[in-house]
Structures are given as C-alpha cells and as structure tokens.
Amino acid sequence: MTVKERNQNLRMVIELVRVHLPNTLNDSNLCKDICAVIAVNLRHIADDSEKSATAWDKKAYHIKADELRREMAWALPAAQIAESFAYQPRKFTREDLERLQGLVRGEVEPGTHTRFKDIEVLRGAAAAARQTLLKKK
C-alpha cells in the first residue's frame with residue numbers, strides 16, 4: 001500500500017466515524033456494518049504503517065520510523081474497539097460512537113466530497129468480515 005492509499009483509507013475511516021455513523025445511529029445493524037469496515041481499514045493502515053516503519057529502520061531512518069509508529073499508534077487499538085462494536089450482540093449506542101470518535105484521529109475537512117453517496121452499500125459488511133475472519137482461523 002502506498003502512502004497515498006494509506007491516506008485515502010484514513011480519510012475514509014474519518015468520514016465514516018465523523019459523518020456517517022452519527023447519521024445512522026437509529027439503525028444499529030448498519031452502524032455495526034460501518035464499524036466492521038472501519039476495523040478492516042484501520043487494521044490495514046496499522047499493518048502498512050508498521051511495514052513502512054520497518055523498511056525505514058532497515059535504511060537507518062530510525063527517527064522517521066519512530067515518528068510514523070507514534071503517529072499511527074492509535075490505529076490498531078481503534079480497530080480492535082470498532083471490531084468489538086461490529087460483532088457484539090447489543091445495539092450500537094451514542095456512547096459507543098463517542099468512544100470511537102475519541103480514538104480516531106483527524107477531522108473531515110469542510111467542503112470535501114464524501115466517498116460514500118449511499119452508505120447502504122456497506123450493509124452486510126459485518127457478516128462478510130466475520131466470515132472472512134472465521135475462514136482464516
């Protein structure tokens with residue numbers, strides 16, 4: 001994954017957390033699907049950041065590697081929280097949203113175009129992600 005792709009995925013996660021989740025709180029199943037997408041993307045971002053930092057360490061760019069690790073340290077814990085929200089049997093609540101918003105770094109810039117015109121395309125993502133996880137085990 002390139003830096004550009006990592007930043008695009010990060011902007012998508014921020015958009016989902018800041019724009020779409022608050023607008024879908026009345027539909028707990030859709031919120032869980034959104035959380036599953038957030039978790040998958042944050043795991044990819046965390047993995048890619050670590051690969052980049054490891055590559056920089058090999059080239060003796062230790063300061064740059066450490067800076068990236070510090071900058072992206074929040075991604076994996078946020079992914080784990082989003083994943084737990086996606087697969088728990090209880091409804092997704094405003095408190096869950098606030099917890100996730102507190103973990104995800106970044107804001108949606110005003111005037112930027114949203115990636116998702118219809119958030120309904122994510123419906124069923126939690127079940128699909130769960131099946132993928134079960135197949136890996």
# chains A, B, ... in the order shown; residues from 1 in each chain; ligands from 1
>>> closest_atom_pairs(of="range 46-102 of chain A", to="range 119-129 of chain A", cutoff="9 Å", atoms="only C-alpha atoms", output="JSON lines")
{"residue": "A:Glu83", "atom": "CA", "partner": "A:Ala126", "partner_atom": "CA", "distance": 8.8}
{"residue": "A:Ala86", "atom": "CA", "partner": "A:Ala126", "partner_atom": "CA", "distance": 6.2}
{"residue": "A:Tyr87", "atom": "CA", "partner": "A:Ala126", "partner_atom": "CA", "distance": 7.2}
>>> residues_around(residues="range 96-106 of chain A", least_positions_apart="5", cutoff="7 Å", atoms="only C-alpha atoms", output="JSON, numbers by chain")
{"A": [14, 17, 18, 74, 78, 82]}
>>> closest_residue(among="A:Leu68, A:Leu76, A:Ser28, A:Trp56", to="His44 in chain A", atoms="only C-alpha atoms")
A:Leu76
>>> closest_residue(among="A:Asn9, A:Thr132, A:Thr114, A:Asn26", to="Ala75 in chain A", atoms="only C-alpha atoms")
A:Asn9
>>> closest_residue(among="A:Asp27, A:Glu15, A:Glu5, A:Asp57", to="Glu107 in chain A", atoms="only C-alpha atoms")
A:Glu15
>>> select_by_dssp(residues="chain A", states="helix (DSSP H, G or I)", output="JSON, numbers by chain")
{"A": [3, 4, 5, 6, 7, 8, 9, 10, 11, 12, 13, 14, 15, 16, 17, 18, 19, 20, 21, 22, 23, 28, 29, 30, 31, 32, 33, 34, 35, 36, 37, 38, 39, 40, 41, 42, 43, 44, 45, 46, 47, 48, 49, 50, 51, 52, 53, 54, 55, 56, 57, 58, 62, 63, 64, 65, 66, 67, 68, 69, 70, 71, 75, 76, 77, 78, 79, 80, 81, 82, 83, 84, 85, 86, 87, 94, 95, 96, 97, 98, 99, 100, 101, 102, 103, 119, 120, 121, 122, 125, 126, 127, 128, 129, 130, 131, 132, 133, 134, 135, 136]}
>>> write_last_selection(atoms="C-alpha atoms", output="compact mmCIF listing (two decimals), in the first residue's frame")
# COMPACT_ATOMS: atom_id res chain seq x y z
CA VAL A 3 1.30 6.42 1.36
CA LYS A 4 -1.39 7.85 -0.91
CA GLU A 5 -3.55 4.73 -0.49
CA ARG A 6 -2.97 4.72 3.26
CA ASN A 7 -4.07 8.36 3.47
CA GLN A 8 -7.15 7.65 1.33
CA ASN A 9 -8.13 4.79 3.63
CA LEU A 10 -7.54 7.02 6.63
CA ARG A 11 -9.77 9.75 5.17
CA MET A 12 -12.46 7.12 4.50
CA VAL A 13 -12.31 5.93 8.13
CA ILE A 14 -12.54 9.51 9.39
CA GLU A 15 -15.52 10.16 7.11
CA LEU A 16 -17.30 7.03 8.35
CA VAL A 17 -16.71 7.91 12.01
CA ARG A 18 -17.41 11.64 11.82
CA VAL A 19 -20.14 11.83 9.13
CA HIS A 20 -21.93 8.54 8.55
CA LEU A 21 -22.02 6.83 11.95
CA PRO A 22 -23.71 9.80 13.68
CA ASN A 23 -26.32 9.90 10.91
CA SER A 28 -27.84 -0.39 14.86
CA ASN A 29 -27.20 -3.08 12.24
CA LEU A 30 -25.91 -0.54 9.72
CA CYS A 31 -23.74 1.01 12.44
CA LYS A 32 -22.22 -2.40 13.09
CA ASP A 33 -21.56 -2.85 9.38
CA ILE A 34 -19.84 0.53 9.28
CA CYS A 35 -17.77 -0.44 12.33
CA ALA A 36 -16.66 -3.61 10.54
CA VAL A 37 -15.46 -1.57 7.55
CA ILE A 38 -13.69 0.83 9.91
CA ALA A 39 -11.98 -2.07 11.71
CA VAL A 40 -10.77 -3.71 8.49
CA ASN A 41 -9.40 -0.45 7.14
CA LEU A 42 -7.70 0.52 10.39
CA ARG A 43 -6.02 -2.90 10.57
CA HIS A 44 -4.71 -2.41 7.03
CA ILE A 45 -3.48 1.07 7.92
CA ALA A 46 -1.74 -0.19 11.09
CA ASP A 47 -0.12 -3.11 9.24
CA ASP A 48 1.04 -0.90 6.40
CA SER A 49 2.41 1.73 8.77
CA GLU A 50 4.45 -0.92 10.57
CA LYS A 51 5.79 -2.27 7.25
CA SER A 52 6.83 1.22 6.23
CA ALA A 53 8.48 1.88 9.59
CA THR A 54 10.34 -1.44 9.40
CA ALA A 55 11.60 -0.58 5.92
CA TRP A 56 12.80 2.81 7.17
CA ASP A 57 14.56 1.13 10.09
CA LYS A 58 16.47 -1.07 7.63
CA HIS A 62 15.12 5.43 12.73
CA ILE A 63 13.74 8.85 13.63
CA LYS A 64 11.31 8.78 10.70
CA ALA A 65 10.28 5.20 11.55
CA ASP A 66 9.68 6.04 15.20
CA GLU A 67 7.71 9.14 14.23
CA LEU A 68 5.40 7.08 11.99
CA ARG A 69 4.90 4.49 14.72
CA ARG A 70 3.98 7.20 17.23
CA GLU A 71 1.69 8.93 14.73
CA ALA A 75 -4.93 2.77 14.67
CA LEU A 76 -4.72 -0.80 15.99
CA PRO A 77 -6.50 -0.12 19.33
CA ALA A 78 -9.21 1.79 17.44
CA ALA A 79 -9.55 -1.15 15.03
CA GLN A 80 -10.00 -3.54 17.95
CA ILE A 81 -12.68 -1.34 19.51
CA ALA A 82 -14.51 -0.93 16.17
CA GLU A 83 -14.35 -4.69 15.67
CA SER A 84 -15.82 -5.33 19.11
CA PHE A 85 -18.68 -2.93 18.33
CA ALA A 86 -19.30 -4.68 14.99
CA TYR A 87 -19.63 -8.17 16.50
CA ARG A 94 -24.24 7.01 21.21
CA GLU A 95 -21.67 6.18 23.91
CA ASP A 96 -20.06 3.67 21.53
CA LEU A 97 -19.94 6.36 18.85
CA GLU A 98 -18.33 8.85 21.23
CA ARG A 99 -15.73 6.28 22.28
CA LEU A 100 -14.84 5.54 18.67
CA GLN A 101 -14.74 9.23 17.77
CA GLY A 102 -12.36 9.79 20.68
CA LEU A 103 -9.97 7.17 19.34
CA ILE A 119 -23.97 4.41 2.94
CA GLU A 120 -26.38 1.49 2.42
CA VAL A 121 -23.72 -0.15 0.21
CA LEU A 122 -21.99 -1.18 3.44
CA ALA A 125 -20.20 -5.84 5.81
CA ALA A 126 -20.05 -7.13 9.39
CA ALA A 127 -21.29 -10.57 8.39
CA ALA A 128 -18.90 -10.73 5.44
CA ALA A 129 -15.93 -9.63 7.57
CA ARG A 130 -16.87 -12.15 10.25
CA GLN A 131 -16.95 -14.97 7.67
CA THR A 132 -13.53 -13.92 6.40
CA LEU A 133 -12.13 -13.99 9.95
CA LEU A 134 -13.62 -17.42 10.61
CA LYS A 135 -12.12 -18.81 7.38
CA LYS A 136 -8.65 -17.58 8.42
>>> atom_distance(atom1="CA of Lys117 in chain A", atom2="CA of Lys91 in chain A")
24.7 Å
>>> closest_residue(among="A:Ala73, A:Thr24, A:Ala60, A:Thr93", to="Asp118 in chain A", atoms="only C-alpha atoms")
A:Thr24
